[in-house]
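Undergrad: File start_15.txt below, compact mmCIF, C-alpha atoms:
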# COMPACT_ATOMS: atom_id res chain seq x y z
CA MET A 252 172.68 48.19 174.56
CA ASP A 253 169.27 46.76 174.84
CA ARG A 254 168.40 49.58 177.14
CA PHE A 255 169.74 52.14 174.62
CA ALA A 256 167.85 50.40 171.87
CA THR A 257 164.66 50.48 173.92
CA GLU A 258 165.22 54.13 174.83
CA LYS A 259 165.97 54.82 171.20
CA GLU A 260 162.73 53.11 170.11
CA THR A 261 160.79 54.94 172.81
CA ALA A 262 162.35 58.23 171.76
CA LEU A 263 161.61 57.46 168.11
CA SER A 264 158.00 56.58 168.89
CA LYS A 265 157.66 59.76 170.97
CA LEU A 266 159.25 61.70 168.13
CA SER A 267 156.87 60.18 165.57
CA TRP A 268 153.95 60.89 167.91
CA VAL A 269 155.08 64.53 168.32
CA GLU A 270 155.61 64.77 164.55
CA SER A 271 152.10 63.46 163.90
CA GLN A 272 150.75 65.91 166.51
CA LEU A 273 152.71 68.71 164.83
CA ARG A 274 151.40 67.71 161.38
CA GLY A 275 147.86 67.61 162.77
CA MET A 276 148.32 71.08 164.27
CA LYS A 277 149.78 72.38 161.03
CA GLU A 278 146.81 70.97 159.10
CA LYS A 279 144.42 72.50 161.66
CA GLY A 280 146.28 75.82 161.41
CA THR A 281 146.16 75.72 157.63
CA THR A 282 142.46 74.83 157.69
CA GLN A 283 141.77 77.59 160.19
CA ALA A 284 143.82 80.07 158.15
CA LYS A 285 141.82 79.16 155.04
CA ARG A 286 138.59 79.50 157.00
CA ILE A 287 139.70 82.86 158.40
CA GLU A 288 140.57 84.01 154.87
CA GLU A 289 137.18 82.89 153.60
CA LEU A 290 135.43 84.67 156.48
CA GLU A 291 137.47 87.82 155.89
CA THR A 292 136.60 87.74 152.19
CA ARG A 293 132.93 87.19 152.93
CA LEU A 294 133.00 89.92 155.59
CA ALA A 295 134.68 92.34 153.16
CA SER A 296 132.04 91.48 150.55
CA GLU A 297 129.20 92.01 153.06
CA LEU A 298 130.78 95.28 154.20
CA ALA A 299 131.05 96.53 150.61
CA LYS A 300 127.45 95.51 149.98
CA ALA A 301 126.29 97.28 153.15
CA LYS A 302 128.24 100.44 152.20
CA SER A 303 126.71 100.34 148.72
CA GLU A 304 123.21 99.97 150.12
CA ALA A 305 123.85 102.77 152.62
CA GLU A 306 125.07 105.03 149.81
CA LYS A 307 122.00 104.20 147.72
CA ALA A 308 119.74 104.92 150.71
CA LYS A 309 121.56 108.22 151.27
CA VAL A 310 121.12 109.24 147.62
CA GLU A 311 117.43 108.29 147.71
CA ALA A 312 116.93 110.20 150.97
CA GLU A 313 118.65 113.26 149.52
CA ALA A 314 116.45 113.05 146.43
CA ILE A 315 113.32 112.81 148.58
CA VAL A 316 114.46 115.76 150.71
CA ALA A 317 115.15 117.77 147.55
CA VAL A 318 111.65 117.02 146.25
CA TYR A 319 110.08 117.99 149.57
CA ARG A 320 112.13 121.19 149.70
CA ALA A 321 111.09 122.06 146.15
CA ASP A 322 107.45 121.33 147.02
CA ALA A 323 107.75 123.47 150.15
CA GLU A 324 109.24 126.34 148.13
CA VAL A 325 106.46 126.07 145.56
CA ALA A 326 103.87 126.04 148.36
CA GLN A 327 105.51 129.12 149.88
CA VAL A 328 105.44 130.96 146.56
CA GLN A 329 101.82 129.97 146.03
CA ALA A 330 100.94 131.14 149.53
CA ARG A 331 102.68 134.49 148.92
CA LYS A 332 100.83 134.86 145.62
CA ALA A 333 97.53 134.01 147.31
CA VAL A 334 98.19 136.64 149.99
CA GLU A 335 99.12 139.23 147.36
CA THR A 336 96.02 138.35 145.35
CA ALA A 337 93.84 138.64 148.44
CA GLN A 338 95.40 142.00 149.32
CA THR A 339 94.92 143.27 145.77
CA GLN A 340 91.34 142.06 145.73
CA GLU A 341 90.73 143.70 149.12
CA TYR A 342 92.11 146.98 147.76
CA TRP A 343 89.87 146.87 144.69
CA ILE A 344 86.82 145.98 146.78
CA ALA A 345 87.48 149.08 148.89
CA GLU A 346 87.89 151.11 145.68
CA LEU A 347 84.59 149.68 144.39
CA SER A 348 82.88 150.75 147.58
CA GLN A 349 84.26 154.27 147.17
CA CYS A 350 83.16 154.37 143.52
CA GLN A 351 79.65 153.26 144.43
CA SER A 352 79.49 155.84 147.17
CA ARG A 353 80.77 158.55 144.77
CA ARG A 354 78.19 157.55 142.13
CA LYS A 355 75.37 157.66 144.68
CA THR A 356 76.53 161.10 145.79
CA PHE A 357 76.51 162.29 142.16
CA GLU A 358 73.03 160.85 141.71
CA GLU A 359 71.83 162.62 144.88
CA ILE A 360 73.32 165.90 143.68
CA HIS A 361 71.74 165.30 140.26
CA ALA A 362 68.40 164.64 141.93
CA ARG A 363 68.64 168.12 143.52
CA GLY A 364 68.71 169.69 140.11
CA PHE A 365 72.39 169.89 139.17
CA ASP A 366 73.39 168.49 135.79
CA LEU A 367 75.98 165.80 136.64
CA THR A 368 74.90 163.30 133.98
CA GLU A 369 78.38 163.07 132.50
CA GLU A 370 79.98 162.56 135.93
CA ILE A 371 77.41 159.89 136.79
CA ILE A 372 78.14 158.04 133.52
CA LYS A 373 81.88 158.23 134.17
CA ALA A 374 81.34 157.09 137.76
CA LYS A 375 79.28 154.10 136.54
CA GLU A 376 81.96 153.16 134.01
CA LEU A 377 84.64 153.48 136.66
CA GLU A 378 82.51 151.39 139.02
CA VAL A 379 82.23 148.66 136.38
CA ASP A 380 86.01 148.71 135.77
CA VAL A 381 86.85 148.60 139.46
CA GLY A 382 84.16 145.98 140.02
CA ALA A 383 85.84 143.77 137.44
CA LEU A 384 89.19 144.22 139.19
CA ALA A 385 87.60 143.50 142.57
CA SER A 386 85.92 140.31 141.36
CA ASP A 387 87.63 136.99 141.87
CA ASP A 388 86.82 135.75 138.35
CA ASP A 389 90.05 134.54 136.79
CA ASP A 390 88.06 132.78 134.06
CA ASP A 391 87.45 136.00 132.09
CA ASP A 392 89.20 136.26 128.75
CA ASP A 393 91.59 139.20 128.46
CA GLU A 394 90.06 139.98 125.07
CA SER A 395 86.63 140.62 126.58
CA LYS A 396 87.97 143.09 129.15
CA SER A 397 88.47 146.76 128.50
CA GLY A 398 91.97 148.22 128.59
CA SER A 399 91.57 149.52 132.12
CA GLU A 400 90.42 146.12 133.34
CA ARG A 401 93.59 144.49 131.99
CA GLY A 402 95.72 147.10 133.74
CA GLU A 403 96.64 148.94 130.54
CA GLU A 404 97.14 152.66 130.23
CA LEU A 405 95.44 154.56 127.44
CA ASP A 406 98.46 154.30 125.17
CA GLY A 407 98.35 150.48 125.32
CA GLU A 408 101.25 149.86 127.72
CA GLU A 409 100.56 147.60 130.65
CA LEU A 410 100.78 149.00 134.16
CA PRO A 411 102.90 147.06 136.63
CA PRO A 412 100.98 145.50 139.55
CA GLU A 413 102.49 148.04 141.97
CA LYS A 414 100.99 150.94 139.98
CA ILE A 415 97.65 149.16 139.74
CA ARG A 416 97.56 148.73 143.53
CA ASN A 417 98.56 152.34 144.10
CA LEU A 418 96.24 153.70 141.42
CA ARG A 419 93.82 156.21 142.86
CA VAL A 420 90.88 157.28 140.72
CA PHE A 421 89.95 160.94 140.94
CA SER A 422 86.72 162.38 139.71
CA PHE A 423 84.86 165.63 139.54
CA PHE A 424 83.56 165.01 143.06
CA ASP A 425 87.10 164.87 144.50
CA LEU A 426 87.49 168.54 143.58
CA PHE A 427 84.79 169.45 146.11
CA VAL A 428 86.06 167.23 148.93
Rewrite the structure from the file as structure tokens, please.
TA:
Amino acid sequence: MDRFATEKETALSKLSWVESQLRGMKEKGTTQAKRIEELETRLASELAKAKSEAEKAKVEAEAIVAVYRADAEVAQVQARKAVETAQTQEYWIAELSQCQSRRKTFEEIHARGFDLTEEIIKAKELEVDVGALASDDDDDDDESKSGSERGEELDGEELPPEKIRNLRVFSFFDLFV
């Protein structure tokens, strides 16, 4: 009986030791579970924050790209307008050269004794009008220009830029050429 009692006490002490080990493991497991939960919560929070920041960065980048695209489109339009302006100015400079040449020819013919005073006056007026169109002065007031300088027809309607570019001025001299 003593042996059974000793074995019983030994078994009970082993049992209490195992129970204390089990309680310790349970406490550790509970502590670790709580810690894992806290880490998961913190990780979820950090992930949400990172996603939010990434979304904000994406929106800002898209806004910047939109601004740059708009600026590029404006620059393209301005470049096209500059090219068109240069081409128009080139056309009117060539027209001015022709008008000057025509006027000089009239003056030479007049010097030989033919009465071309009216044609010379018209040629000078035309030269002034075309000279104004050929100049690069955008500072002129529309009110100070004659109707032909503003691109208006005689009846007061404005000519479209295509007609102005394609406008060819004929004079008395063109009848002989």
Undergrad: Could you please determine the separation between atom CA of A:Glu378 and atom CA of A:Ser352 in Å, to one decimal place?
TA: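 For atom CA of A:Glu378 relative to atom CA of A:Ser352, the distance reads 9.8 Å.
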Undergrad: Could you check how far atom CA of A:Ala385 sits from atom CA of A:Arg354, in Å to one decimal?
TA: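 Separation between atom CA of A:Ala385 and atom CA of A:Arg354: 16.9 Å.
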Undergrad: Mind pulling up the distance from atom CA of A:Glu370 to atom CA of A:Lys355?
TA: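 Answer for the atom CA of A:Lys355 to atom CA of A:Glu370 separation: 11.0 Å.
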Undergrad: Would you be able to write out as a PDB file with C-alpha atoms, in the frame of the given file which residues have an atom within 12 Å of (81.8, 154.8, 132.7) in the file's coordinates, counting all atoms listed in the file?
TA:
ATOM      1  CA  CYS A 350      83.160 154.370 143.520  1.00  0.00           C
ATOM      2  CA  ARG A 354      78.190 157.550 142.130  1.00  0.00           C
ATOM      3  CA  THR A 368      74.900 163.300 133.980  1.00  0.00           C
ATOM      4  CA  GLU A 369      78.380 163.070 132.500  1.00  0.00           C
ATOM      5  CA  GLU A 370      79.980 162.560 135.930  1.00  0.00           C
ATOM      6  CA  ILE A 371      77.410 159.890 136.790  1.00  0.00           C
ATOM      7  CA  ILE A 372      78.140 158.040 133.520  1.00  0.00           C
ATOM      8  CA  LYS A 373      81.880 158.230 134.170  1.00  0.00           C
ATOM      9  CA  ALA A 374      81.340 157.090 137.760  1.00  0.00           C
ATOM     10  CA  LYS A 375      79.280 154.100 136.540  1.00  0.00           C
ATOM     11  CA  GLU A 376      81.960 153.160 134.010  1.00  0.00           C
ATOM     12  CA  LEU A 377      84.640 153.480 136.660  1.00  0.00           C
ATOM     13  CA  GLU A 378      82.510 151.390 139.020  1.00  0.00           C
ATOM     14  CA  VAL A 379      82.230 148.660 136.380  1.00  0.00           C
ATOM     15  CA  ASP A 380      86.010 148.710 135.770  1.00  0.00           C
ATOM     16  CA  VAL A 381      86.850 148.600 139.460  1.00  0.00           C
ATOM     17  CA  GLY A 382      84.160 145.980 140.020  1.00  0.00           C
ATOM     18  CA  SER A 397      88.470 146.760 128.500  1.00  0.00           C
ATOM     19  CA  SER A 399      91.570 149.520 132.120  1.00  0.00           C
ATOM     20  CA  SER A 422      86.720 162.380 139.710  1.00  0.00           C
TER      21      SER A 422
END
Undergrad: My structure is short of atoms at stretch 359-370 of chain A; please model all heavy atoms there, returning them as a short mmCIF file (atom, residue, chain, number, x, y, z; two decimals), in the frame of the given file.
TA:
data_model
loop_
_atom_site.label_atom_id
_atom_site.label_comp_id
_atom_site.auth_asym_id
_atom_site.auth_seq_id
_atom_site.Cartn_x
_atom_site.Cartn_y
_atom_site.Cartn_z
N GLU A 359 72.56 161.79 143.92
CA GLU A 359 71.83 162.62 144.88
C GLU A 359 71.92 164.10 144.50
O GLU A 359 70.93 164.84 144.55
CB GLU A 359 72.35 162.40 146.30
CG GLU A 359 72.00 161.06 146.87
CD GLU A 359 72.69 160.78 148.21
OE1 GLU A 359 73.38 161.67 148.74
OE2 GLU A 359 72.53 159.65 148.71
N ILE A 360 73.14 164.51 144.10
CA ILE A 360 73.32 165.90 143.68
C ILE A 360 72.52 166.15 142.41
O ILE A 360 71.86 167.20 142.26
CB ILE A 360 74.81 166.22 143.47
CG1 ILE A 360 75.55 166.19 144.81
CG2 ILE A 360 75.00 167.57 142.80
CD1 ILE A 360 77.06 166.29 144.69
N HIS A 361 72.51 165.18 141.50
CA HIS A 361 71.74 165.30 140.26
C HIS A 361 70.25 165.39 140.57
O HIS A 361 69.52 166.14 139.91
CB HIS A 361 72.04 164.11 139.34
CG HIS A 361 71.32 164.15 138.04
ND1 HIS A 361 71.63 165.06 137.06
CD2 HIS A 361 70.28 163.41 137.55
CE1 HIS A 361 70.84 164.86 136.02
NE2 HIS A 361 70.01 163.87 136.30
N ALA A 362 69.81 164.63 141.56
CA ALA A 362 68.40 164.64 141.93
C ALA A 362 68.00 166.02 142.47
O ALA A 362 66.83 166.40 142.40
CB ALA A 362 68.11 163.56 142.95
N ARG A 363 68.92 166.78 142.99
CA ARG A 363 68.64 168.12 143.52
C ARG A 363 68.63 169.19 142.42
O ARG A 363 68.50 170.36 142.69
CB ARG A 363 69.66 168.48 144.58
CG ARG A 363 69.51 167.62 145.82
CD ARG A 363 70.46 168.06 146.90
NE ARG A 363 70.36 167.13 148.03
CZ ARG A 363 71.30 166.95 148.90
NH1 ARG A 363 72.43 167.63 148.82
NH2 ARG A 363 71.14 166.11 149.89
N GLY A 364 68.86 168.76 141.21
CA GLY A 364 68.71 169.69 140.11
C GLY A 364 70.01 170.06 139.42
O GLY A 364 69.99 170.84 138.46
N PHE A 365 71.13 169.57 139.84
CA PHE A 365 72.39 169.89 139.17
C PHE A 365 72.60 168.88 138.04
O PHE A 365 72.28 167.71 138.18
CB PHE A 365 73.57 169.80 140.15
CG PHE A 365 73.53 170.86 141.21
CD1 PHE A 365 73.00 170.60 142.47
CD2 PHE A 365 74.03 172.13 140.95
CE1 PHE A 365 72.97 171.57 143.43
CE2 PHE A 365 74.01 173.11 141.93
CZ PHE A 365 73.46 172.84 143.17
N ASP A 366 73.17 169.36 136.94
CA ASP A 366 73.39 168.49 135.79
C ASP A 366 74.76 167.80 135.93
O ASP A 366 75.79 168.36 135.59
CB ASP A 366 73.32 169.27 134.49
CG ASP A 366 73.42 168.35 133.28
OD1 ASP A 366 73.15 167.14 133.44
OD2 ASP A 366 73.77 168.84 132.20
N LEU A 367 74.75 166.60 136.46
CA LEU A 367 75.98 165.80 136.64
C LEU A 367 75.87 164.50 135.87
O LEU A 367 76.47 163.49 136.24
CB LEU A 367 76.23 165.52 138.12
CG LEU A 367 76.45 166.74 139.02
CD1 LEU A 367 76.58 166.31 140.46
CD2 LEU A 367 77.69 167.49 138.60
N THR A 368 75.12 164.51 134.77
CA THR A 368 74.90 163.30 133.98
C THR A 368 76.22 162.71 133.50
O THR A 368 76.45 161.50 133.61
CB THR A 368 74.01 163.61 132.77
OG1 THR A 368 72.83 164.27 133.23
CG2 THR A 368 73.64 162.34 132.03
N GLU A 369 77.10 163.55 133.01
CA GLU A 369 78.38 163.07 132.50
C GLU A 369 79.22 162.44 133.63
O GLU A 369 79.83 161.39 133.45
CB GLU A 369 79.15 164.23 131.86
CG GLU A 369 80.37 163.78 131.11
CD GLU A 369 81.03 164.95 130.40
OE1 GLU A 369 80.33 165.73 129.72
OE2 GLU A 369 82.26 165.05 130.52
N GLU A 370 79.22 163.09 134.80
CA GLU A 370 79.98 162.56 135.93
C GLU A 370 79.39 161.24 136.41
O GLU A 370 80.11 160.32 136.79
CB GLU A 370 80.02 163.58 137.09
CG GLU A 370 80.98 164.72 136.88
CD GLU A 370 80.44 165.79 135.93
OE1 GLU A 370 79.23 165.76 135.61
OE2 GLU A 370 81.24 166.64 135.51
#
